[in-house]
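A.B. asks: My file is data17.tsv. It has TSV, C-alpha atoms and all ligand atoms:
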```
chain	number	residue	atom	x	y	z
A	1	MET	CA	-178.03	-102.49	-67.91
A	2	THR	CA	-181.06	-104.65	-67.18
A	3	GLY	CA	-179.22	-107.98	-67.19
A	4	HIS	CA	-180.98	-108.83	-70.50
A	5	PRO	CA	-178.58	-110.47	-73.02
A	6	ALA	CA	-179.30	-107.65	-75.49
A	7	ASP	CA	-177.80	-105.16	-72.99
A	8	GLU	CA	-174.38	-106.85	-72.89
A	9	PRO	CA	-171.66	-104.94	-74.73
A	10	PRO	CA	-170.92	-106.53	-78.11
A	11	VAL	CA	-167.61	-108.16	-78.97
A	12	ALA	CA	-165.45	-106.01	-81.28
A	13	LEU	CA	-163.75	-107.80	-84.17
A	14	SER	CA	-161.87	-106.49	-87.18
A	15	ILE	CA	-163.01	-107.88	-90.53
A	16	GLY	CA	-159.81	-109.93	-90.71
A	17	GLU	CA	-160.43	-111.35	-87.21
A	18	ALA	CA	-164.02	-112.22	-88.15
A	19	ARG	CA	-162.84	-114.01	-91.31
A	20	ASP	CA	-160.20	-115.91	-89.34
A	21	LEU	CA	-162.73	-116.87	-86.64
A	22	ALA	CA	-165.29	-118.02	-89.21
A	23	ARG	CA	-162.71	-120.16	-91.02
A	24	ARG	CA	-161.52	-121.71	-87.75
A	25	VAL	CA	-165.06	-122.51	-86.62
A	26	LEU	CA	-165.97	-124.03	-89.99
A	27	GLY	CA	-162.70	-125.99	-90.00
A	28	ALA	CA	-163.52	-127.25	-86.48
A	29	CYS	CA	-166.88	-128.41	-87.86
A	30	GLY	CA	-164.96	-130.49	-90.39
A	31	LEU	CA	-165.42	-128.35	-93.51
A	32	ALA	CA	-162.77	-128.78	-96.20
A	33	SER	CA	-160.60	-125.66	-96.45
A	34	ASP	CA	-161.98	-124.50	-99.84
A	35	HIS	CA	-165.55	-124.73	-98.51
A	36	ALA	CA	-164.58	-123.05	-95.22
A	37	ALA	CA	-163.00	-120.13	-97.10
A	38	ALA	CA	-166.01	-119.64	-99.41
A	39	VAL	CA	-168.61	-119.97	-96.63
A	40	ALA	CA	-166.65	-117.71	-94.24
A	41	GLU	CA	-166.38	-115.02	-96.92
A	42	THR	CA	-170.17	-114.95	-97.43
A	43	MET	CA	-170.85	-114.73	-93.67
A	44	VAL	CA	-168.26	-111.98	-93.17
A	45	ARG	CA	-169.77	-110.01	-96.06
A	46	GLY	CA	-173.20	-110.32	-94.42
A	47	GLU	CA	-171.86	-109.13	-91.07
A	48	ARG	CA	-169.84	-106.31	-92.64
A	49	ASP	CA	-172.90	-105.06	-94.55
A	50	GLY	CA	-175.11	-105.01	-91.44
A	51	CYS	CA	-177.19	-108.06	-92.48
A	52	THR	CA	-177.01	-109.65	-89.02
A	53	SER	CA	-179.51	-112.43	-89.73
A	54	HIS	CA	-177.11	-113.66	-92.44
A	55	GLY	CA	-173.79	-112.72	-90.86
A	56	LEU	CA	-171.62	-114.59	-88.33
A	57	TYR	CA	-174.79	-115.84	-86.61
A	58	ARG	CA	-175.01	-118.23	-89.56
A	59	LEU	CA	-171.95	-120.10	-88.17
A	60	LEU	CA	-174.36	-121.62	-85.65
A	61	VAL	CA	-176.75	-122.58	-88.44
A	62	ALA	CA	-174.00	-124.01	-90.68
A	63	ALA	CA	-172.45	-125.94	-87.79
A	64	ARG	CA	-175.79	-127.57	-87.09
A	65	SER	CA	-176.21	-128.56	-90.76
A	66	VAL	CA	-172.82	-130.30	-90.71
A	67	GLU	CA	-173.33	-131.88	-87.28
A	68	GLN	CA	-176.72	-133.27	-88.34
A	69	GLY	CA	-175.30	-134.72	-91.56
A	70	VAL	CA	-177.38	-132.34	-93.74
A	71	ALA	CA	-174.33	-130.67	-95.38
A	72	VAL	CA	-171.50	-132.74	-96.86
A	73	PRO	CA	-168.35	-131.01	-95.53
A	74	ASP	CA	-165.96	-132.01	-98.33
A	75	ALA	CA	-168.29	-132.15	-101.35
A	76	VAL	CA	-166.60	-131.59	-104.70
A	77	PRO	CA	-168.74	-129.39	-107.01
A	78	GLN	CA	-169.21	-130.75	-110.56
A	79	VAL	CA	-169.58	-128.18	-113.35
A	80	THR	CA	-171.39	-129.18	-116.57
A	81	GLU	CA	-172.85	-127.38	-119.61
A	82	PRO	CA	-176.31	-128.79	-120.44
A	83	ALA	CA	-176.74	-126.32	-123.35
A	84	PRO	CA	-174.68	-123.51	-124.91
A	85	ALA	CA	-176.03	-120.79	-122.59
A	86	LEU	CA	-176.57	-122.99	-119.53
A	87	VAL	CA	-174.24	-123.94	-116.69
A	88	ARG	CA	-175.10	-126.49	-114.04
A	89	VAL	CA	-173.09	-127.03	-110.88
A	90	ASP	CA	-173.95	-130.05	-108.77
A	91	GLY	CA	-172.93	-129.15	-105.24
A	92	GLY	CA	-172.79	-132.79	-104.10
A	93	GLY	CA	-174.74	-131.93	-100.94
A	94	GLY	CA	-172.23	-129.32	-99.72
A	95	PHE	CA	-172.79	-125.62	-99.01
A	96	ALA	CA	-173.71	-123.49	-102.05
A	97	GLN	CA	-170.87	-120.96	-101.86
A	98	LEU	CA	-168.07	-123.05	-103.41
A	99	PRO	CA	-170.32	-124.35	-106.24
A	100	PHE	CA	-171.23	-120.72	-107.05
A	101	GLU	CA	-167.55	-119.75	-107.11
A	102	ARG	CA	-166.80	-122.67	-109.44
A	103	GLY	CA	-169.69	-121.88	-111.81
A	104	MET	CA	-169.51	-118.11	-111.96
A	105	PRO	CA	-166.61	-117.71	-114.46
A	106	LEU	CA	-168.40	-119.90	-117.01
A	107	LEU	CA	-171.72	-118.08	-116.40
A	108	VAL	CA	-170.01	-114.73	-117.04
A	109	ALA	CA	-168.30	-116.01	-120.18
A	110	LYS	CA	-171.57	-117.43	-121.56
A	111	ALA	CA	-173.56	-114.26	-120.77
A	112	ARG	CA	-170.96	-112.21	-122.64
A	113	ARG	CA	-171.02	-114.63	-125.56
A	114	TYR	CA	-174.79	-115.17	-125.89
A	115	GLY	CA	-176.18	-112.03	-124.22
A	116	ILE	CA	-177.99	-114.11	-121.61
A	117	ALA	CA	-177.02	-117.21	-119.63
A	118	ALA	CA	-178.30	-119.18	-116.66
A	119	LEU	CA	-176.62	-121.10	-113.88
A	120	ALA	CA	-178.43	-123.84	-111.98
A	121	LEU	CA	-176.90	-124.74	-108.64
A	122	ASN	CA	-178.23	-128.16	-107.70
A	123	ASN	CA	-178.03	-130.33	-104.63
A	124	ALA	CA	-176.54	-127.63	-102.41
A	125	VAL	CA	-177.22	-126.38	-98.87
A	126	HIS	CA	-178.46	-122.78	-98.68
A	127	PHE	CA	-178.05	-120.70	-95.53
A	128	ALA	CA	-177.04	-117.36	-97.02
A	129	ALA	CA	-178.17	-114.04	-98.39
A	130	LEU	CA	-178.16	-113.93	-102.21
A	131	TRP	CA	-176.95	-110.36	-102.74
A	132	PRO	CA	-173.22	-111.25	-102.66
A	133	GLU	CA	-173.76	-113.41	-105.75
A	134	VAL	CA	-175.73	-110.93	-107.85
A	135	GLU	CA	-173.46	-108.08	-106.71
A	136	ALA	CA	-170.41	-110.03	-107.94
A	137	LEU	CA	-172.07	-110.51	-111.35
A	138	ALA	CA	-173.02	-106.82	-111.62
A	139	GLU	CA	-169.41	-105.93	-110.81
A	140	GLU	CA	-168.63	-107.84	-114.04
A	141	GLY	CA	-170.98	-105.47	-115.89
A	142	LEU	CA	-173.94	-107.90	-116.01
A	143	VAL	CA	-177.56	-107.61	-114.89
A	144	ALA	CA	-178.24	-110.50	-112.53
A	145	LEU	CA	-181.17	-112.24	-110.85
A	146	ALA	CA	-181.08	-115.07	-108.28
A	147	PHE	CA	-183.81	-117.22	-106.74
A	148	THR	CA	-183.85	-120.11	-104.30
A	149	PRO	CA	-186.58	-122.01	-102.43
A	150	SER	CA	-185.91	-122.98	-98.80
A	151	HIS	CA	-187.95	-125.09	-96.34
A	152	ALA	CA	-191.77	-125.05	-96.23
A	153	TRP	CA	-192.23	-122.42	-93.52
A	154	VAL	CA	-194.55	-119.91	-95.23
A	155	ALA	CA	-198.33	-120.04	-95.73
A	156	PRO	CA	-199.87	-118.92	-99.04
A	157	GLU	CA	-202.03	-115.79	-98.79
A	158	GLY	CA	-205.47	-116.90	-97.62
A	159	GLY	CA	-204.11	-120.02	-95.84
A	160	THR	CA	-202.31	-120.67	-92.57
A	161	GLN	CA	-200.33	-123.86	-93.31
A	162	PRO	CA	-196.77	-123.77	-94.63
A	163	VAL	CA	-196.21	-124.53	-98.32
A	164	PHE	CA	-193.53	-122.09	-99.52
A	165	GLY	CA	-190.04	-121.35	-98.37
A	166	THR	CA	-188.91	-117.84	-97.51
A	167	ASN	CA	-187.82	-117.86	-101.18
A	168	PRO	CA	-185.62	-114.79	-101.75
A	169	ILE	CA	-185.35	-112.82	-104.99
A	170	ALA	CA	-182.15	-110.87	-105.60
A	171	PHE	CA	-181.48	-108.41	-108.44
A	172	ALA	CA	-178.41	-106.41	-109.41
A	173	TRP	CA	-177.83	-103.74	-112.05
A	174	PRO	CA	-174.36	-102.47	-113.00
A	175	ARG	CA	-173.70	-98.75	-112.53
A	176	PRO	CA	-170.64	-97.35	-114.26
A	177	GLY	CA	-168.17	-95.98	-111.70
A	178	ARG	CA	-170.42	-96.81	-108.73
A	179	ALA	CA	-171.49	-99.76	-106.64
A	180	PRO	CA	-174.24	-101.76	-108.41
A	181	PHE	CA	-177.93	-101.24	-107.64
A	182	VAL	CA	-178.87	-104.33	-105.62
A	183	PHE	CA	-181.94	-105.53	-103.83
A	184	ASP	CA	-182.43	-108.88	-102.16
A	185	PHE	CA	-185.40	-109.88	-100.05
A	186	ALA	CA	-187.39	-112.87	-98.92
A	187	THR	CA	-190.89	-113.26	-100.40
A	188	SER	CA	-192.03	-113.90	-96.81
A	189	ALA	CA	-192.86	-110.86	-94.65
A	190	VAL	CA	-189.34	-111.16	-93.27
A	191	ALA	CA	-186.46	-113.64	-93.47
A	192	ARG	CA	-186.77	-116.52	-91.03
A	193	GLY	CA	-183.36	-115.58	-89.65
A	194	GLU	CA	-184.91	-112.32	-88.34
A	195	ILE	CA	-187.54	-114.27	-86.40
A	196	GLU	CA	-184.82	-116.55	-85.01
A	197	LEU	CA	-182.92	-113.47	-83.81
A	198	HIS	CA	-186.11	-112.17	-82.14
A	199	ARG	CA	-186.54	-115.54	-80.40
A	200	ARG	CA	-182.92	-115.52	-79.19
A	201	ALA	CA	-183.35	-111.96	-77.87
A	202	GLY	CA	-186.72	-112.79	-76.22
A	203	LYS	CA	-188.43	-110.09	-78.30
A	204	PRO	CA	-192.00	-110.23	-79.73
A	205	VAL	CA	-192.49	-110.07	-83.50
A	206	PRO	CA	-194.97	-107.81	-85.32
A	207	PRO	CA	-198.45	-109.40	-85.59
A	208	ASP	CA	-198.35	-109.63	-89.40
A	209	TRP	CA	-195.24	-111.84	-89.59
A	210	GLY	CA	-197.00	-115.14	-89.02
A	211	TYR	CA	-199.39	-117.57	-87.37
A	212	ASP	CA	-199.07	-119.94	-84.43
A	213	PRO	CA	-199.57	-123.69	-85.03
A	214	GLN	CA	-203.35	-123.20	-84.56
A	215	GLY	CA	-203.40	-120.71	-87.45
A	216	GLN	CA	-203.90	-117.62	-85.25
A	217	PRO	CA	-201.84	-114.44	-85.82
A	218	SER	CA	-199.12	-114.36	-83.15
A	219	THR	CA	-196.42	-112.03	-81.82
A	220	ASP	CA	-194.57	-114.92	-80.13
A	221	ALA	CA	-191.44	-115.65	-82.21
A	222	GLU	CA	-191.29	-119.26	-80.99
A	223	ALA	CA	-194.96	-119.84	-81.92
A	224	VAL	CA	-194.50	-118.33	-85.40
A	225	LEU	CA	-191.41	-120.50	-85.98
A	226	ALA	CA	-193.50	-123.53	-85.03
A	227	GLY	CA	-196.55	-122.36	-87.04
A	228	ALA	CA	-196.37	-120.54	-90.36
A	229	MET	CA	-194.79	-117.33	-91.62
A	230	ARG	CA	-196.72	-114.98	-93.93
A	231	THR	CA	-195.75	-113.78	-97.38
A	232	PHE	CA	-195.06	-110.07	-97.99
A	233	GLY	CA	-197.56	-108.03	-100.00
A	234	ALA	CA	-200.51	-110.44	-99.63
A	235	HIS	CA	-201.37	-112.28	-102.89
A	236	LYS	CA	-198.46	-110.63	-104.75
A	237	GLY	CA	-195.75	-112.02	-102.47
A	238	SER	CA	-197.58	-115.33	-102.45
A	239	ALA	CA	-197.46	-115.55	-106.26
A	240	LEU	CA	-193.79	-114.58	-106.32
A	241	ALA	CA	-193.03	-117.25	-103.69
A	242	ALA	CA	-194.76	-119.81	-105.94
A	243	MET	CA	-192.72	-118.59	-108.92
A	244	VAL	CA	-189.47	-119.11	-106.98
A	245	GLU	CA	-190.59	-122.64	-106.04
A	246	LEU	CA	-191.16	-123.41	-109.73
A	247	ILE	CA	-188.14	-121.81	-111.41
A	248	ALA	CA	-185.56	-122.82	-108.79
A	249	GLY	CA	-187.20	-126.20	-108.10
A	250	PRO	CA	-188.85	-128.31	-110.82
A	251	LEU	CA	-187.48	-126.17	-113.70
A	252	ILE	CA	-183.91	-127.05	-112.75
A	253	GLY	CA	-184.72	-130.58	-111.55
A	254	ASP	CA	-184.43	-129.75	-107.87
A	255	MET	CA	-186.56	-129.76	-104.73
A	256	THR	CA	-189.46	-127.60	-103.71
A	257	SER	CA	-189.42	-126.18	-100.18
A	258	ALA	CA	-191.84	-128.91	-99.05
A	259	GLU	CA	-189.54	-131.58	-100.48
A	260	SER	CA	-186.49	-129.98	-98.87
A	261	MET	CA	-188.30	-129.91	-95.51
A	262	ALA	CA	-189.23	-133.60	-95.88
A	263	ALA	CA	-185.63	-134.50	-96.82
A	264	ASP	CA	-184.40	-132.77	-93.64
A	265	GLU	CA	-186.29	-135.36	-91.56
A	266	GLY	CA	-186.54	-133.01	-88.59
A	267	ARG	CA	-182.78	-132.50	-88.22
A	268	GLY	CA	-183.11	-128.72	-88.25
A	269	GLY	CA	-180.57	-128.21	-91.05
A	270	SER	CA	-180.56	-125.46	-93.67
A	271	PRO	CA	-182.56	-125.97	-96.86
A	272	ILE	CA	-181.04	-128.26	-99.47
A	273	GLY	CA	-181.86	-127.94	-103.13
A	274	GLY	CA	-181.47	-125.62	-106.07
A	275	GLU	CA	-180.82	-122.01	-106.98
A	276	LEU	CA	-181.34	-120.36	-110.36
A	277	ILE	CA	-179.09	-117.45	-111.34
A	278	LEU	CA	-179.64	-115.46	-114.54
A	279	ALA	CA	-177.03	-113.17	-116.04
A	280	ILE	CA	-177.75	-110.70	-118.86
A	281	ASP	CA	-175.12	-108.69	-120.69
A	282	PRO	CA	-176.56	-105.23	-121.50
A	283	ALA	CA	-174.38	-105.15	-124.61
A	284	GLY	CA	-176.35	-108.11	-125.97
A	285	PHE	CA	-179.35	-105.90	-126.75
A	286	LEU	CA	-177.65	-102.53	-126.89
A	287	GLY	CA	-174.31	-103.03	-128.64
A	288	ALA	CA	-172.53	-99.71	-128.89
A	289	GLY	CA	-175.50	-97.96	-127.27
A	290	VAL	CA	-174.77	-99.43	-123.84
A	291	SER	CA	-173.47	-96.29	-122.15
A	292	ASP	CA	-176.35	-94.11	-123.41
A	293	HIS	CA	-178.94	-96.53	-122.08
A	294	LEU	CA	-177.16	-97.11	-118.75
A	295	ALA	CA	-177.16	-93.30	-118.38
A	296	ARG	CA	-180.99	-93.33	-118.73
A	297	ALA	CA	-181.07	-95.79	-115.82
A	298	GLU	CA	-179.02	-93.32	-113.78
A	299	ALA	CA	-181.70	-90.69	-114.43
A	300	MET	CA	-184.26	-93.02	-112.84
A	301	PHE	CA	-182.05	-93.59	-109.78
A	302	ALA	CA	-181.59	-89.82	-109.44
A	303	ALA	CA	-185.38	-89.27	-109.63
A	304	ILE	CA	-185.80	-91.67	-106.71
A	305	GLU	CA	-183.13	-90.10	-104.55
A	306	GLN	CA	-183.97	-86.49	-105.38
A	307	GLN	CA	-187.28	-86.80	-103.54
A	308	GLY	CA	-185.65	-88.20	-100.40
A	309	ALA	CA	-186.47	-91.85	-101.09
A	310	ARG	CA	-183.57	-94.24	-100.79
A	311	LEU	CA	-182.30	-96.90	-103.14
A	312	PRO	CA	-182.18	-100.49	-101.89
A	313	GLY	CA	-178.57	-101.23	-100.92
A	314	THR	CA	-177.86	-97.75	-99.53
A	315	ARG	CA	-178.11	-98.89	-95.89
A	316	ARG	CA	-175.96	-101.92	-96.66
A	317	LEU	CA	-173.24	-99.92	-98.38
A	318	ALA	CA	-173.21	-97.41	-95.51
A	319	ALA	CA	-172.81	-100.31	-93.05
A	320	ARG	CA	-169.99	-101.65	-95.23
A	321	ALA	CA	-168.16	-98.31	-95.12
A	322	ARG	CA	-168.64	-98.13	-91.34
A	323	SER	CA	-167.41	-101.70	-90.83
A	324	ASP	CA	-164.37	-101.04	-93.01
A	325	THR	CA	-163.31	-98.17	-90.73
A	326	GLN	CA	-164.69	-99.20	-87.32
A	327	GLY	CA	-164.73	-103.00	-87.51
A	328	LEU	CA	-167.59	-105.29	-86.45
A	329	ALA	CA	-169.66	-105.54	-83.26
A	330	ILE	CA	-170.89	-109.09	-82.61
A	331	PRO	CA	-173.68	-109.60	-80.03
A	332	ALA	CA	-172.02	-111.14	-76.94
A	333	GLN	CA	-174.34	-114.15	-76.76
A	334	VAL	CA	-173.86	-114.98	-80.44
A	335	HIS	CA	-170.08	-114.71	-79.95
A	336	ARG	CA	-170.22	-117.01	-76.90
A	337	ASP	CA	-172.27	-119.58	-78.79
A	338	ILE	CA	-169.81	-119.45	-81.70
A	339	MET	CA	-166.84	-119.93	-79.36
A	340	GLN	CA	-168.54	-123.01	-77.89
A	341	ILE	CA	-168.27	-124.69	-81.28
A	342	LEU	CA	-164.49	-124.20	-81.13
A	343	GLU	CA	-164.57	-125.88	-77.72
A	344	GLY	CA	-166.22	-128.92	-79.34
A	345	ARG	CA	-169.70	-128.32	-77.88
A	346	PRO	CA	-172.75	-128.78	-80.14
A	347	PRO	CA	-174.10	-125.66	-81.89
A	348	LYS	CA	-177.03	-123.91	-80.13
B	401	LIG	P1	-185.55	-106.94	-95.95
B	401	LIG	O1	-187.01	-106.95	-95.75
B	401	LIG	O2	-184.69	-106.35	-94.90
B	401	LIG	O3	-185.31	-106.24	-97.36
B	401	LIG	C1	-184.09	-106.23	-97.89
B	401	LIG	C2	-183.99	-105.42	-99.17
B	401	LIG	O4	-184.87	-104.29	-99.22
B	401	LIG	C3	-182.60	-104.88	-99.21
B	401	LIG	O5	-182.18	-104.83	-100.55
B	401	LIG	C4	-182.79	-103.51	-98.57
B	401	LIG	O6	-181.73	-102.62	-98.84
B	401	LIG	C5	-184.09	-103.07	-99.19
B	401	LIG	N1	-184.78	-102.07	-98.37
B	401	LIG	C6	-185.16	-102.20	-97.09
B	401	LIG	N2	-185.78	-101.07	-96.67
B	401	LIG	C7	-185.77	-100.21	-97.73
B	401	LIG	C8	-186.26	-98.88	-97.93
B	401	LIG	N3	-186.87	-98.22	-96.97
B	401	LIG	N4	-186.08	-98.31	-99.14
B	401	LIG	C9	-185.46	-99.00	-100.12
B	401	LIG	N5	-184.98	-100.24	-99.99
B	401	LIG	C10	-185.14	-100.84	-98.81
B	401	LIG	O7	-184.92	-108.40	-96.20
B	401	LIG	P2	-185.49	-109.83	-95.86
B	401	LIG	O8	-185.67	-109.95	-94.39
B	401	LIG	O9	-186.64	-110.14	-96.71
B	401	LIG	O10	-184.24	-110.73	-96.33
B	401	LIG	C11	-182.97	-110.57	-95.72
B	401	LIG	C12	-181.98	-111.50	-96.35
B	401	LIG	O11	-182.32	-112.84	-96.09
B	401	LIG	C13	-181.82	-111.39	-97.86
B	401	LIG	O12	-180.48	-111.04	-98.10
B	401	LIG	C14	-182.13	-112.78	-98.39
B	401	LIG	O13	-181.29	-113.25	-99.45
B	401	LIG	C15	-181.88	-113.63	-97.17
B	401	LIG	N6	-182.68	-114.86	-97.27
B	401	LIG	C16	-182.08	-116.00	-97.75
B	401	LIG	C17	-182.83	-117.14	-97.91
B	401	LIG	C18	-182.24	-118.39	-98.49
B	401	LIG	O14	-182.99	-119.35	-98.65
B	401	LIG	N7	-180.97	-118.44	-98.82
B	401	LIG	C19	-184.24	-117.19	-97.56
B	401	LIG	C20	-184.77	-115.91	-97.13
B	401	LIG	C21	-184.00	-114.79	-96.99
B	401	LIG	P3	-180.61	-102.43	-97.66
B	401	LIG	O15	-179.91	-103.74	-97.57
B	401	LIG	O16	-179.76	-101.32	-98.11
B	401	LIG	O17	-181.40	-102.12	-96.41
B	402	LIG	O1	-183.66	-116.42	-93.25
B	402	LIG	O2	-185.35	-117.39	-94.26
B	402	LIG	C1	-184.14	-117.29	-93.99
B	402	LIG	C2	-183.21	-118.24	-94.62
B	402	LIG	C3	-183.47	-119.46	-95.14
B	402	LIG	C4	-182.29	-119.96	-95.64
B	402	LIG	C5	-181.35	-119.02	-95.42
B	402	LIG	N1	-181.92	-117.98	-94.81
```
Rewrite the structure from the file as structure tokens, please.
Ligand code: NDP
Ligand code: PYC

C.D. replies:
Amino acid sequence: MTGHPADEPPVALSIGEARDLARRVLGACGLASDHAAAVAETMVRGERDGCTSHGLYRLLVAARSVEQGVAVPDAVPQVTEPAPALVRVDGGGGFAQLPFERGMPLLVAKARRYGIAALALNNAVHFAALWPEVEALAEEGLVALAFTPSHAWVAPEGGTQPVFGTNPIAFAWPRPGRAPFVFDFATSAVARGEIELHRRAGKPVPPDWGYDPQGQPSTDAEAVLAGAMRTFGAHKGSALAAMVELIAGPLIGDMTSAESMAADEGRGGSPIGGELILAIDPAGFLGAGVSDHLARAEAMFAAIEQQGARLPGTRRLAARARSDTQGLAIPAQVHRDIMQILEGRPPK
């Protein structure tokens, strides 16, 4: 032990205890019980699957959004159908999880009916990973894609000033008899949550994650958070980040990351705005040929794994299996900060 916070033994929680803790903390923040249940479930899934930047740590982030008046704690989602294959859920300024839950059954029904359908989540606060949503759709037998802008934290390739959000893209493909193929990543070099965890742990970040406020590459997490993050894959990630801004912003009548940042007015809340989710029923194109064509997809997965490469999602599913048997290990400092919310102290 060096006395560094990272050396403290973690706090062991079962998945049930984590869910209960998350619900209590969100209830203490004033969240209505249906929101608290939906938000807690997403955070517990993140923690269980080893996605620490989007696990229980997000209780601190969500608490701040409520405390600062960024998230409406008792918003009532409104579901509408702007066109036969389109669903819109207005989140009323609350967290995005309950609006997704309310819109998903109609999205699934429309995708099955028309072969393809889209759900726009509008006016919702986004703190979470997207994979739980696309995974849930693939478990219904659908191919799914999800996109959301965030706050303007990321510089375009060739620049050093923030324009884009961390703008994740998530994809899921159904696999008969197995967990779906899922990937989900930010179009920035890394999710901002990862940099925040580096800052909390007092650790440097790799030099290609971002720039300080003067536009110089930096390994200081605090300086990169204050400056600009970089996109992944140079001009390619930059173009994808722009695409996410467009299709989950103006296309669905919602904010860009720059507009979301301006609307935050320095309160330090999570991004507020839109998310676009597409669902495609393989039977729409393939009819009775579905199983033959899904089997061809399995051949591709096998070709990847046979050479020792791994599929996206493999680490996450292994973490899930481990958590299901061994429970969760929460960093002691994160646990202490979460418990402070229950004691009525402001989120750190
Ligand atoms: P990573 O860079 O960690 O990449 C994650 C994806 O890549 C996962 O699907 C992961 O699978 C896969 N992957 C990683 N390494 C390999 C490998 N060697 N071979 C094959 N696949 C691999 O994620 P990010 O930091 O970019 O994003 C983390 C999370 O942050 C995402 O869930 C995202 O939704 C969330 N986020 C949310 C935002 C929002 O606005 N709501 C904004 C930005 C990010 P596995 O999980 O199995 O490792
Ligand atoms: O980690 O970049 C991030 C993020 C933004 C919103 C939710 N997560």

A.B. asks: Mind giving me the straight-line distance from CA of Leu342 in chain A to CA of Ala63 in chain A in Å, one decimal?

C.D. replies: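 Here the two named atoms are 10.5 Å from each other.
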
A.B. asks: CA of Ala170 in chain A and atom O6 of ligand LIG 401 (chain B) are how many Å apart?

C.D. replies: 10.7 Å

A.B. asks: What is the distance between CA of Ser14 in chain A and CA of Ala37 in chain A, in Å to one decimal?

C.D. replies: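 CA of Ser14 in chain A sits 16.9 Å away from CA of Ala37 in chain A.
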
A.B. asks: As a PDB file with C-alpha atoms, keeping the file's coordinate frame, please: every protein or nucleic acid residue near ligand LIG 402 (chain B) (cut-off 9 Å, counting only C-alpha atoms and all ligand atoms).

C.D. replies:
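Output contents, as saved in selection_39.pdb:
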```
ATOM      1  CA  SER A  53    -179.510-112.430 -89.730  1.00  0.00           C
ATOM      2  CA  HIS A  54    -177.110-113.660 -92.440  1.00  0.00           C
ATOM      3  CA  ARG A  58    -175.010-118.230 -89.560  1.00  0.00           C
ATOM      4  CA  VAL A 125    -177.220-126.380 -98.870  1.00  0.00           C
ATOM      5  CA  HIS A 126    -178.460-122.780 -98.680  1.00  0.00           C
ATOM      6  CA  PHE A 127    -178.050-120.700 -95.530  1.00  0.00           C
ATOM      7  CA  ALA A 128    -177.040-117.360 -97.020  1.00  0.00           C
ATOM      8  CA  ALA A 129    -178.170-114.040 -98.390  1.00  0.00           C
ATOM      9  CA  THR A 148    -183.850-120.110-104.300  1.00  0.00           C
ATOM     10  CA  PRO A 149    -186.580-122.010-102.430  1.00  0.00           C
ATOM     11  CA  SER A 150    -185.910-122.980 -98.800  1.00  0.00           C
ATOM     12  CA  HIS A 151    -187.950-125.090 -96.340  1.00  0.00           C
ATOM     13  CA  TRP A 153    -192.230-122.420 -93.520  1.00  0.00           C
ATOM     14  CA  GLY A 165    -190.040-121.350 -98.370  1.00  0.00           C
ATOM     15  CA  THR A 166    -188.910-117.840 -97.510  1.00  0.00           C
ATOM     16  CA  ASN A 167    -187.820-117.860-101.180  1.00  0.00           C
ATOM     17  CA  PRO A 168    -185.620-114.790-101.750  1.00  0.00           C
ATOM     18  CA  ALA A 186    -187.390-112.870 -98.920  1.00  0.00           C
ATOM     19  CA  SER A 188    -192.030-113.900 -96.810  1.00  0.00           C
ATOM     20  CA  VAL A 190    -189.340-111.160 -93.270  1.00  0.00           C
ATOM     21  CA  ALA A 191    -186.460-113.640 -93.470  1.00  0.00           C
ATOM     22  CA  ARG A 192    -186.770-116.520 -91.030  1.00  0.00           C
ATOM     23  CA  GLY A 193    -183.360-115.580 -89.650  1.00  0.00           C
ATOM     24  CA  GLU A 194    -184.910-112.320 -88.340  1.00  0.00           C
ATOM     25  CA  ILE A 195    -187.540-114.270 -86.400  1.00  0.00           C
ATOM     26  CA  GLU A 196    -184.820-116.550 -85.010  1.00  0.00           C
ATOM     27  CA  SER A 270    -180.560-125.460 -93.670  1.00  0.00           C
ATOM     28  CA  PRO A 271    -182.560-125.970 -96.860  1.00  0.00           C
TER      29      PRO A 271
END
```

A.B. asks: Have a look at A:Thr314, A:Gln68, A:Asn122, A:Ser257 and name the one nearest to ligand LIG 401 (chain B); count all atoms listed in the file.

C.D. replies: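 Closest to ligand LIG 401 (chain B), using all atoms listed in the file: A:Thr314.
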
A.B. asks: Give me the residues near Phe100 in chain A as a ChimeraX atom specification, where near means some atom within 10 Å (using all atoms listed in the file) and where sequence neighbours in that chain fewer than 2 positions away do not count.

C.D. replies: /A:38,77,79,88-91,95-98,102-105,107,119-121,124,133,275,277

A.B. asks: Counting only C-alpha atoms and all ligand atoms, figure out which residue out of A:Arg113, A:Arg64, A:Arg48, A:Arg316 gets nearest to ligand LIG 401 (chain B).

C.D. replies: A:Arg316
